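Q: Here you go, model_34.pdb (PDB, C-alpha atoms):
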```
ATOM      1  CA  TRP B 150      -3.178  40.136 -24.205  1.00  0.00           C
ATOM      2  CA  GLY B 151      -4.597  42.064 -27.131  1.00  0.00           C
ATOM      3  CA  GLY B 152      -1.952  44.778 -27.154  1.00  0.00           C
ATOM      4  CA  ILE B 153      -2.280  45.138 -30.921  1.00  0.00           C
ATOM      5  CA  LEU B 154      -5.916  46.208 -30.389  1.00  0.00           C
ATOM      6  CA  ALA B 155      -5.084  49.034 -27.978  1.00  0.00           C
ATOM      7  CA  ASN B 156      -5.011  51.843 -30.557  1.00  0.00           C
ATOM      8  CA  SER B 157      -4.823  52.538 -34.279  1.00  0.00           C
ATOM      9  CA  GLU B 158      -1.199  53.642 -34.271  1.00  0.00           C
ATOM     10  CA  GLY B 159       0.840  51.329 -36.470  1.00  0.00           C
ATOM     11  CA  SER B 160       4.384  51.166 -37.747  1.00  0.00           C
ATOM     12  CA  ALA B 161       6.584  49.249 -40.145  1.00  0.00           C
ATOM     13  CA  THR B 162       6.955  46.648 -37.393  1.00  0.00           C
ATOM     14  CA  THR B 163       3.226  45.985 -37.159  1.00  0.00           C
ATOM     15  CA  TYR B 164       3.001  45.801 -40.963  1.00  0.00           C
ATOM     16  CA  GLU B 165       5.682  43.112 -40.936  1.00  0.00           C
ATOM     17  CA  LEU B 166       3.308  40.914 -38.931  1.00  0.00           C
ATOM     18  CA  SER B 167       1.197  40.499 -42.097  1.00  0.00           C
ATOM     19  CA  GLU B 168       1.854  38.111 -44.960  1.00  0.00           C
ATOM     20  CA  GLN B 169       0.464  37.543 -48.416  1.00  0.00           C
ATOM     21  CA  VAL B 170      -2.242  34.877 -48.661  1.00  0.00           C
ATOM     22  CA  GLN B 171      -4.776  33.853 -51.253  1.00  0.00           C
ATOM     23  CA  GLU B 172      -7.715  33.689 -48.852  1.00  0.00           C
ATOM     24  CA  LEU B 173      -8.679  35.126 -45.474  1.00  0.00           C
ATOM     25  CA  ASP B 174     -10.612  33.214 -42.831  1.00  0.00           C
ATOM     26  CA  TYR B 175     -12.409  36.362 -41.754  1.00  0.00           C
ATOM     27  CA  PHE B 176     -12.358  40.133 -41.946  1.00  0.00           C
ATOM     28  CA  PHE B 177     -12.245  41.782 -38.498  1.00  0.00           C
ATOM     29  CA  SER B 178     -14.486  44.867 -38.653  1.00  0.00           C
ATOM     30  CA  HIS B 179     -14.374  47.176 -35.649  1.00  0.00           C
ATOM     31  CA  ASN B 180     -14.055  50.734 -34.373  1.00  0.00           C
ATOM     32  CA  TRP B 181     -10.892  51.849 -32.636  1.00  0.00           C
ATOM     33  CA  SER B 182     -13.031  53.662 -30.074  1.00  0.00           C
ATOM     34  CA  THR B 183     -14.049  50.270 -28.630  1.00  0.00           C
ATOM     35  CA  PRO B 184     -11.875  49.469 -25.579  1.00  0.00           C
ATOM     36  CA  ARG B 185      -9.006  47.054 -26.045  1.00  0.00           C
ATOM     37  CA  ALA B 186     -10.176  44.643 -23.312  1.00  0.00           C
ATOM     38  CA  THR B 187     -13.620  44.338 -24.886  1.00  0.00           C
ATOM     39  CA  LYS B 188     -12.230  43.575 -28.341  1.00  0.00           C
ATOM     40  CA  TYR B 189      -9.746  41.101 -26.914  1.00  0.00           C
ATOM     41  CA  LEU B 190     -12.519  39.245 -25.077  1.00  0.00           C
ATOM     42  CA  MET B 191     -14.627  39.213 -28.234  1.00  0.00           C
ATOM     43  CA  VAL B 192     -11.803  37.658 -30.241  1.00  0.00           C
ATOM     44  CA  LEU B 193     -11.340  34.999 -27.546  1.00  0.00           C
ATOM     45  CA  PHE B 194     -15.076  34.282 -27.491  1.00  0.00           C
ATOM     46  CA  HIS B 195     -15.254  34.022 -31.265  1.00  0.00           C
ATOM     47  CA  GLU B 196     -12.237  31.730 -31.512  1.00  0.00           C
ATOM     48  CA  ASN B 197     -12.459  29.631 -28.362  1.00  0.00           C
ATOM     49  CA  LEU B 198     -15.897  29.764 -26.699  1.00  0.00           C
ATOM     50  CA  VAL B 199     -17.323  26.530 -28.159  1.00  0.00           C
ATOM     51  CA  LEU B 200     -14.073  24.688 -27.460  1.00  0.00           C
ATOM     52  CA  ALA B 201     -13.913  26.114 -23.916  1.00  0.00           C
ATOM     53  CA  VAL B 202     -17.489  25.094 -23.053  1.00  0.00           C
ATOM     54  CA  THR B 203     -16.945  21.595 -24.476  1.00  0.00           C
ATOM     55  CA  ALA B 204     -13.646  21.115 -22.627  1.00  0.00           C
ATOM     56  CA  ALA B 205     -15.153  22.398 -19.361  1.00  0.00           C
ATOM     57  CA  GLN B 206     -18.067  19.961 -19.579  1.00  0.00           C
ATOM     58  CA  ILE B 207     -15.733  17.054 -20.288  1.00  0.00           C
ATOM     59  CA  ALA B 208     -13.461  18.008 -17.375  1.00  0.00           C
ATOM     60  CA  SER B 209     -16.413  18.353 -15.003  1.00  0.00           C
ATOM     61  CA  CYS B 210     -17.859  14.976 -16.014  1.00  0.00           C
ATOM     62  CA  PHE B 211     -14.453  13.327 -15.657  1.00  0.00           C
ATOM     63  CA  VAL B 212     -13.991  14.684 -12.127  1.00  0.00           C
ATOM     64  CA  LEU B 213     -17.554  13.667 -11.264  1.00  0.00           C
ATOM     65  CA  LEU B 214     -16.752  10.137 -12.425  1.00  0.00           C
ATOM     66  CA  LEU B 215     -13.667  10.109 -10.198  1.00  0.00           C
ATOM     67  CA  GLY B 216     -15.838  11.169  -7.247  1.00  0.00           C
ATOM     68  CA  VAL B 217     -18.497   8.540  -7.928  1.00  0.00           C
ATOM     69  CA  CYS B 218     -15.803   5.872  -8.117  1.00  0.00           C
ATOM     70  CA  GLY B 219     -14.441   7.014  -4.746  1.00  0.00           C
ATOM     71  CA  TRP B 220     -11.098   8.183  -6.078  1.00  0.00           C
ATOM     72  CA  LEU B 221     -11.401  11.683  -4.617  1.00  0.00           C
ATOM     73  CA  PRO B 222     -11.367  12.640  -0.917  1.00  0.00           C
ATOM     74  CA  LEU B 223     -14.917  13.815  -0.253  1.00  0.00           C
ATOM     75  CA  ASP B 224     -16.752  15.358   2.665  1.00  0.00           C
ATOM     76  CA  PRO B 225     -19.623  12.959   3.534  1.00  0.00           C
ATOM     77  CA  THR B 226     -22.123  15.839   3.439  1.00  0.00           C
ATOM     78  CA  TRP B 227     -21.324  16.451  -0.209  1.00  0.00           C
ATOM     79  CA  ARG B 228     -22.361  13.086  -1.617  1.00  0.00           C
ATOM     80  CA  LEU B 229     -20.811  13.938  -5.001  1.00  0.00           C
ATOM     81  CA  SER B 230     -17.691  15.885  -5.888  1.00  0.00           C
ATOM     82  CA  SER B 231     -19.385  19.273  -6.366  1.00  0.00           C
ATOM     83  CA  TRP B 232     -16.406  21.383  -5.350  1.00  0.00           C
ATOM     84  CA  TYR B 233     -14.036  19.424  -7.523  1.00  0.00           C
ATOM     85  CA  CYS B 234     -16.386  19.511 -10.506  1.00  0.00           C
ATOM     86  CA  LEU B 235     -16.876  23.257 -10.266  1.00  0.00           C
ATOM     87  CA  ALA B 236     -13.152  23.921  -9.828  1.00  0.00           C
ATOM     88  CA  ALA B 237     -12.251  21.670 -12.779  1.00  0.00           C
ATOM     89  CA  MET B 238     -14.935  23.301 -14.926  1.00  0.00           C
ATOM     90  CA  LEU B 239     -13.790  26.864 -14.174  1.00  0.00           C
ATOM     91  CA  VAL B 240     -10.066  26.159 -14.569  1.00  0.00           C
ATOM     92  CA  THR B 241     -10.623  24.273 -17.824  1.00  0.00           C
ATOM     93  CA  PHE B 242     -13.056  26.854 -19.194  1.00  0.00           C
ATOM     94  CA  TYR B 243     -10.835  29.874 -18.612  1.00  0.00           C
ATOM     95  CA  GLY B 244      -7.671  28.055 -19.575  1.00  0.00           C
ATOM     96  CA  THR B 245      -9.186  26.954 -22.883  1.00  0.00           C
ATOM     97  CA  LEU B 246     -10.856  30.314 -23.474  1.00  0.00           C
ATOM     98  CA  THR B 247      -7.517  32.135 -23.251  1.00  0.00           C
ATOM     99  CA  GLN B 248      -5.260  29.486 -24.812  1.00  0.00           C
ATOM    100  CA  GLY B 249      -7.497  27.326 -26.982  1.00  0.00           C
ATOM    101  CA  HIS B 250      -6.491  29.019 -30.232  1.00  0.00           C
ATOM    102  CA  TYR B 251      -2.986  27.575 -29.854  1.00  0.00           C
ATOM    103  CA  LEU B 252      -4.465  24.072 -29.781  1.00  0.00           C
ATOM    104  CA  LYS B 253      -6.648  24.845 -32.802  1.00  0.00           C
ATOM    105  CA  GLN B 254      -3.599  26.167 -34.631  1.00  0.00           C
ATOM    106  CA  LEU B 255      -1.740  22.896 -34.002  1.00  0.00           C
ATOM    107  CA  ILE B 256      -4.689  20.862 -35.294  1.00  0.00           C
ATOM    108  CA  TYR B 257      -6.085  22.997 -38.122  1.00  0.00           C
ATOM    109  CA  GLY B 258      -3.210  25.349 -38.917  1.00  0.00           C
ATOM    110  CA  PRO B 259      -3.165  29.146 -38.557  1.00  0.00           C
ATOM    111  CA  ALA B 260      -6.219  31.322 -39.116  1.00  0.00           C
ATOM    112  CA  TYR B 261      -5.685  34.282 -41.446  1.00  0.00           C
ATOM    113  CA  VAL B 262      -7.484  37.452 -40.398  1.00  0.00           C
ATOM    114  CA  PHE B 263      -7.637  40.961 -41.817  1.00  0.00           C
ATOM    115  CA  LEU B 264      -6.885  43.655 -39.243  1.00  0.00           C
ATOM    116  CA  ASP B 265      -6.471  47.112 -40.750  1.00  0.00           C
ATOM    117  CA  LYS B 266      -3.627  48.148 -38.445  1.00  0.00           C
ATOM    118  CA  ILE B 267      -1.512  45.190 -39.588  1.00  0.00           C
ATOM    119  CA  CYS B 268      -2.613  44.611 -43.178  1.00  0.00           C
ATOM    120  CA  ILE B 269      -2.521  48.259 -44.286  1.00  0.00           C
ATOM    121  CA  HIS B 270       0.748  50.140 -43.837  1.00  0.00           C
ATOM    122  CA  GLN B 271       0.300  52.956 -41.341  1.00  0.00           C
ATOM    123  CA  THR B 272       3.463  55.008 -41.960  1.00  0.00           C
ATOM    124  CA  ASP B 273       4.275  54.615 -45.662  1.00  0.00           C
ATOM    125  CA  LYS B 274       1.594  56.853 -47.217  1.00  0.00           C
ATOM    126  CA  ASP B 275       1.955  55.382 -50.701  1.00  0.00           C
ATOM    127  CA  LEU B 276       1.483  51.812 -49.449  1.00  0.00           C
ATOM    128  CA  GLN B 277      -1.317  53.021 -47.206  1.00  0.00           C
ATOM    129  CA  GLN B 278      -3.282  54.533 -50.094  1.00  0.00           C
ATOM    130  CA  ARG B 279      -2.761  51.411 -52.191  1.00  0.00           C
ATOM    131  CA  GLY B 280      -3.983  49.252 -49.310  1.00  0.00           C
ATOM    132  CA  ILE B 281      -7.073  51.404 -48.787  1.00  0.00           C
ATOM    133  CA  ALA B 282      -7.817  51.313 -52.506  1.00  0.00           C
ATOM    134  CA  LYS B 283      -7.688  47.496 -52.393  1.00  0.00           C
ATOM    135  CA  LEU B 284      -9.920  47.185 -49.331  1.00  0.00           C
ATOM    136  CA  GLY B 285     -12.663  45.678 -51.483  1.00  0.00           C
ATOM    137  CA  ALA B 286     -10.239  42.959 -52.602  1.00  0.00           C
ATOM    138  CA  PHE B 287      -9.448  42.103 -48.976  1.00  0.00           C
ATOM    139  CA  ILE B 288     -13.164  41.840 -48.234  1.00  0.00           C
ATOM    140  CA  ALA B 289     -13.819  39.737 -51.342  1.00  0.00           C
ATOM    141  CA  ALA B 290     -11.049  37.328 -50.315  1.00  0.00           C
ATOM    142  CA  SER B 291     -12.575  36.826 -46.838  1.00  0.00           C
ATOM    143  CA  LYS B 292     -14.642  33.745 -46.087  1.00  0.00           C
ATOM    144  CA  GLY B 293     -16.456  35.609 -43.346  1.00  0.00           C
ATOM    145  CA  MET B 294     -16.695  38.835 -41.398  1.00  0.00           C
ATOM    146  CA  VAL B 295     -16.565  39.275 -37.633  1.00  0.00           C
ATOM    147  CA  VAL B 296     -18.276  42.482 -36.502  1.00  0.00           C
ATOM    148  CA  VAL B 297     -17.520  44.090 -33.157  1.00  0.00           C
ATOM    149  CA  LEU B 298     -21.023  45.433 -32.662  1.00  0.00           C
ATOM    150  CA  ALA B 299     -20.490  48.554 -30.562  1.00  0.00           C
ATOM    151  CA  ASP B 300     -23.088  51.307 -30.168  1.00  0.00           C
ATOM    152  CA  THR B 301     -21.220  53.409 -32.728  1.00  0.00           C
ATOM    153  CA  TYR B 302     -20.576  50.686 -35.301  1.00  0.00           C
ATOM    154  CA  PHE B 303     -23.243  51.781 -37.792  1.00  0.00           C
ATOM    155  CA  GLN B 304     -22.537  55.450 -37.081  1.00  0.00           C
ATOM    156  CA  LYS B 305     -18.983  55.311 -38.422  1.00  0.00           C
ATOM    157  CA  LEU B 306     -18.524  55.661 -42.169  1.00  0.00           C
ATOM    158  CA  TRP B 307     -15.531  53.323 -42.300  1.00  0.00           C
ATOM    159  CA  THR B 308     -17.183  50.328 -40.628  1.00  0.00           C
ATOM    160  CA  LEU B 309     -20.452  50.974 -42.439  1.00  0.00           C
ATOM    161  CA  TYR B 310     -18.528  50.843 -45.728  1.00  0.00           C
ATOM    162  CA  GLU B 311     -16.886  47.515 -44.740  1.00  0.00           C
ATOM    163  CA  PHE B 312     -20.208  45.957 -43.744  1.00  0.00           C
ATOM    164  CA  ALA B 313     -22.048  47.165 -46.853  1.00  0.00           C
ATOM    165  CA  THR B 314     -19.220  46.112 -49.187  1.00  0.00           C
ATOM    166  CA  TYR B 315     -19.058  42.599 -47.787  1.00  0.00           C
ATOM    167  CA  THR B 316     -22.839  42.197 -47.969  1.00  0.00           C
ATOM    168  CA  LEU B 317     -23.016  43.463 -51.553  1.00  0.00           C
ATOM    169  CA  LEU B 318     -20.047  41.390 -52.729  1.00  0.00           C
ATOM    170  CA  SER B 319     -21.557  38.253 -51.189  1.00  0.00           C
ATOM    171  CA  ALA B 320     -24.861  38.912 -52.960  1.00  0.00           C
ATOM    172  CA  LYS B 321     -23.056  39.619 -56.234  1.00  0.00           C
ATOM    173  CA  MET B 322     -21.134  36.338 -56.020  1.00  0.00           C
ATOM    174  CA  GLY B 323     -24.341  34.460 -55.209  1.00  0.00           C
ATOM    175  CA  SER B 324     -23.251  33.381 -51.749  1.00  0.00           C
ATOM    176  CA  THR B 325     -24.749  33.951 -48.317  1.00  0.00           C
ATOM    177  CA  ALA B 326     -23.009  36.622 -46.279  1.00  0.00           C
ATOM    178  CA  ASN B 327     -21.165  34.857 -43.443  1.00  0.00           C
ATOM    179  CA  ILE B 328     -21.298  37.616 -40.841  1.00  0.00           C
ATOM    180  CA  THR B 329     -20.784  37.005 -37.130  1.00  0.00           C
ATOM    181  CA  MET B 330     -21.965  39.979 -35.082  1.00  0.00           C
ATOM    182  CA  ILE B 331     -20.829  40.003 -31.453  1.00  0.00           C
ATOM    183  CA  SER B 332     -22.211  42.673 -29.152  1.00  0.00           C
ATOM    184  CA  THR B 333     -19.639  44.400 -26.980  1.00  0.00           C
ATOM    185  CA  TYR B 334     -21.843  43.590 -23.971  1.00  0.00           C
ATOM    186  CA  MET B 335     -21.948  39.844 -24.587  1.00  0.00           C
ATOM    187  CA  PRO B 336     -18.504  38.782 -23.243  1.00  0.00           C
ATOM    188  CA  TRP B 337     -18.866  40.855 -20.080  1.00  0.00           C
ATOM    189  CA  LEU B 338     -22.423  39.670 -19.402  1.00  0.00           C
ATOM    190  CA  THR B 339     -21.343  36.065 -19.933  1.00  0.00           C
ATOM    191  CA  LEU B 340     -18.395  36.333 -17.560  1.00  0.00           C
ATOM    192  CA  ILE B 341     -20.347  38.211 -14.892  1.00  0.00           C
ATOM    193  CA  SER B 342     -23.254  35.750 -15.023  1.00  0.00           C
ATOM    194  CA  GLN B 343     -20.822  32.846 -14.731  1.00  0.00           C
ATOM    195  CA  VAL B 344     -19.174  34.422 -11.677  1.00  0.00           C
ATOM    196  CA  PHE B 345     -22.545  34.875  -9.952  1.00  0.00           C
ATOM    197  CA  ALA B 346     -23.640  31.359 -10.892  1.00  0.00           C
ATOM    198  CA  SER B 347     -20.424  29.924  -9.466  1.00  0.00           C
ATOM    199  CA  LEU B 348     -20.827  31.930  -6.274  1.00  0.00           C
ATOM    200  CA  GLY B 349     -24.398  30.670  -5.998  1.00  0.00           C
ATOM    201  CA  VAL B 350     -23.202  27.069  -6.215  1.00  0.00           C
ATOM    202  CA  TYR B 351     -20.564  27.673  -3.548  1.00  0.00           C
ATOM    203  CA  VAL B 352     -23.039  29.400  -1.215  1.00  0.00           C
ATOM    204  CA  ALA B 353     -25.691  26.700  -1.669  1.00  0.00           C
ATOM    205  CA  ALA B 354     -23.123  23.949  -1.161  1.00  0.00           C
ATOM    206  CA  GLY B 355     -21.718  25.645   1.914  1.00  0.00           C
ATOM    207  CA  ALA B 356     -25.194  26.087   3.373  1.00  0.00           C
ATOM    208  CA  ARG B 357     -25.972  22.428   2.793  1.00  0.00           C
ATOM    209  CA  ALA B 358     -22.708  21.342   4.392  1.00  0.00           C
ATOM    210  CA  ALA B 359     -23.513  23.549   7.421  1.00  0.00           C
ATOM    211  CA  HIS B 360     -27.049  22.036   7.599  1.00  0.00           C
ATOM    212  CA  ILE B 361     -28.624  25.448   6.948  1.00  0.00           C
ATOM    213  CA  TRP B 362     -30.337  23.996   3.890  1.00  0.00           C
ATOM    214  CA  PRO B 363     -31.448  20.360   3.726  1.00  0.00           C
ATOM    215  CA  ALA B 364     -29.821  18.040   1.233  1.00  0.00           C
ATOM    216  CA  SER B 365     -33.273  16.962   0.072  1.00  0.00           C
ATOM    217  CA  GLY B 366     -34.317  20.542  -0.686  1.00  0.00           C
ATOM    218  CA  ASN B 367     -37.491  20.021   1.381  1.00  0.00           C
ATOM    219  CA  LEU B 368     -38.186  22.738   3.988  1.00  0.00           C
ATOM    220  CA  ASP B 369     -39.833  20.139   6.260  1.00  0.00           C
ATOM    221  CA  ASP B 370     -36.395  18.622   6.787  1.00  0.00           C
ATOM    222  CA  LEU B 371     -35.043  21.854   8.288  1.00  0.00           C
ATOM    223  CA  PRO B 372     -34.337  21.969  12.036  1.00  0.00           C
ATOM    224  CA  ALA B 373     -37.182  23.407  14.159  1.00  0.00           C
ATOM    225  CA  PHE B 374     -35.413  26.683  14.950  1.00  0.00           C
ATOM    226  CA  SER B 375     -34.844  27.343  11.243  1.00  0.00           C
ATOM    227  CA  THR B 376     -38.501  26.676  10.438  1.00  0.00           C
ATOM    228  CA  VAL B 377     -39.629  29.146  13.105  1.00  0.00           C
ATOM    229  CA  ALA B 378     -37.219  31.775  11.818  1.00  0.00           C
ATOM    230  CA  ILE B 379     -38.506  31.392   8.256  1.00  0.00           C
ATOM    231  CA  SER B 380     -42.131  31.534   9.411  1.00  0.00           C
ATOM    232  CA  TYR B 381     -41.469  34.696  11.351  1.00  0.00           C
TER     233      TYR B 381
END
```
As structure tokens, what does this structure read like?

A:
Amino acid sequence: WGGILANSEGSATTYELSEQVQELDYFFSHNWSTPRATKYLMVLFHENLVLAVTAAQIASCFVLLLGVCGWLPLDPTWRLSSWYCLAAMLVTFYGTLTQGHYLKQLIYGPAYVFLDKICIHQTDKDLQQRGIAKLGAFIAASKGMVVVLADTYFQKLWTLYEFATYTLLSAKMGSTANITMISTYMPWLTLISQVFASLGVYVAAGARAAHIWPASGNLDDLPAFSTVAISY
């Protein structure tokens, strides 16, 4: 659950998680002042969001098809399998969002990422200085850069150096800088908006089932006492 992103303290054990490769899929540029949960969510969104949305839509459509075919037990007031669709969508979305990278690893192989805490030795000072001196080589070997865009990102010398180096090296090599910038607010806003949207669906569906809101959506179809209450 993103434990490696909790703080900058590393050891020989964390360094052993790294391995030598010829090319990196992306360089993870961030500040350690950014909370662990936020960075973990951002990694999940970067790796799994498209897959999670696609899988959720497929699951919802599949359950809807089951409802239309009459293979699900449905309340007559619901007409279609709204509850089942929403439940399938949410379970599939969050399951794929948190676990989708394992599926991608099985299909495409592992993704190689630069994370300073792992790729630069944190206790052996000689290895640490050599790693820092070769930071430009790590950046040059990266096919892309993922930026955790916190409020302080461009105020920190270290992350500013990483961003500028990658941009300049890309221009020097005649290629377009492949930079993905993810705001620290984006994952939380997405999750919160999805929660409220889901609650809205449940409330609207419950109101329709209780005949508080007409299935047609037309206020003229409301019972007389409801119409009077709204007019008042």

Q: Out of B:Ala204, B:Met294, B:Ser160, B:Ser178, which residue has the shortest atom-to-atom distance to Asp273 (chain B) when counting only C-alpha atoms?

A: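 That would be B:Ser160, the residue with the smallest distance to Asp273 (chain B).
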
Q: Just give me the gap between CA of Ile331 (chain B) and CA of Phe287 (chain B) in Å, one decimal is fine.

A: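 Interatomic distance here is 21.0 Å.
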
Q: Do you have the CA of His250 (chain B)-CA of Leu193 (chain B) distance handy?

A: 8.2 Å

Q: Could you list, as a PyMOL selection string, every residue matched by the PyMOL selection byres ((chain B and resi 272) around 8) in this structure?

A: chain B and resi 159-161+270-271+273-274+277

Q: Hey, what comes out of the PyMOL selection byres ((chain B and resi 213) around 9) on this file? Could you write it as a list of chain:residue names?

A: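 Those residues are B:Ala208, B:Ser209, B:Cys210, B:Phe211, B:Val212, B:Leu214, B:Leu215, B:Gly216, B:Val217, B:Cys218, B:Leu229, B:Ser230, B:Ser231, B:Tyr233, B:Cys234.
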
Q: Choose the residue, out of B:Ala155, B:Leu348, B:Leu166, B:Met335, that has the smallest atom-to-atom separation from Thr183 (chain B); count all atoms listed in the file.

A: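 Closest to Thr183 (chain B), using all atoms listed in the file: B:Ala155.
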
Q: Write out as a tab-separated table (two decimals) with C-alpha atoms, in the frame of the given file each polymer residue whose atoms come within 7 Å of His179 (chain B), counting only C-alpha atoms; drop sequence neighbours fewer than 3 positions from it.

A:
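Here's the written file around.tsv:
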```
chain	number	residue	atom	x	y	z
B	296	VAL	CA	-18.28	42.48	-36.50
B	297	VAL	CA	-17.52	44.09	-33.16
B	308	THR	CA	-17.18	50.33	-40.63
```

Q: If the PyMOL selection byres ((chain B and resi 280) around 12) is run on the structure shown, which residues does it catch, given as a PyMOL selection string?

A: chain B and resi 164+263-279+281-288

Q: I'd like the contact shell of Gln248 (chain B) - 10 Å cut-off, all atoms listed in the file, skipping same-chain residues fewer than 6 positions apart - returned as a list in words.

A: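 The filter keeps Leu193, Glu196, Asn197, Ala201 and Phe242 of chain B.
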
Q: Between CA of Trp337 (chain B) and CA of Pro184 (chain B), measure the distance and give it in Å to one decimal.

A: 12.4 Å

Q: Every residue with an atom at most 12 Å from (-18.8, 40.4, -51.7) (file coordinates; only C-alpha atoms) is what I'm after, so could you write them as a ChimeraX atom specification?

A: /B:176,284-294,311-328

Q: Which of these, B:Leu154, B:Ile207, B:Leu198, B:Leu255, has the shortest distance to Ala186 (chain B) once you count all atoms listed in the file?

A: B:Leu154

Q: Given the choices B:Val202, B:Val262, B:Val295, B:Leu235, which gets closest to Gly349 (chain B) if the distance is worked out from all atoms listed in the file?

A: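 Of B:Val202, B:Val262, B:Val295, B:Leu235, the one nearest Gly349 (chain B) is B:Leu235, counting all atoms listed in the file.
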
Q: Kindly compute an axis-aligned box around the listed atoms of region 154-168 of chain B, allowing 6 Å on each side, and express its centre and edge lengths in Å to one decimal as JSON.

A:
```
{"center_x": 0.5, "center_y": 45.9, "center_z": -36.5, "size_x": 24.9, "size_y": 27.5, "size_z": 29.0}
```

Q: Choose the residue, out of B:Val344, B:Ala299, B:Leu309, B:Ile153, that has the smallest atom-to-atom separation from Tyr243 (chain B); count all atoms listed in the file.

A: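 Among B:Val344, B:Ala299, B:Leu309, B:Ile153, it is B:Val344 that comes nearest to Tyr243 (chain B).
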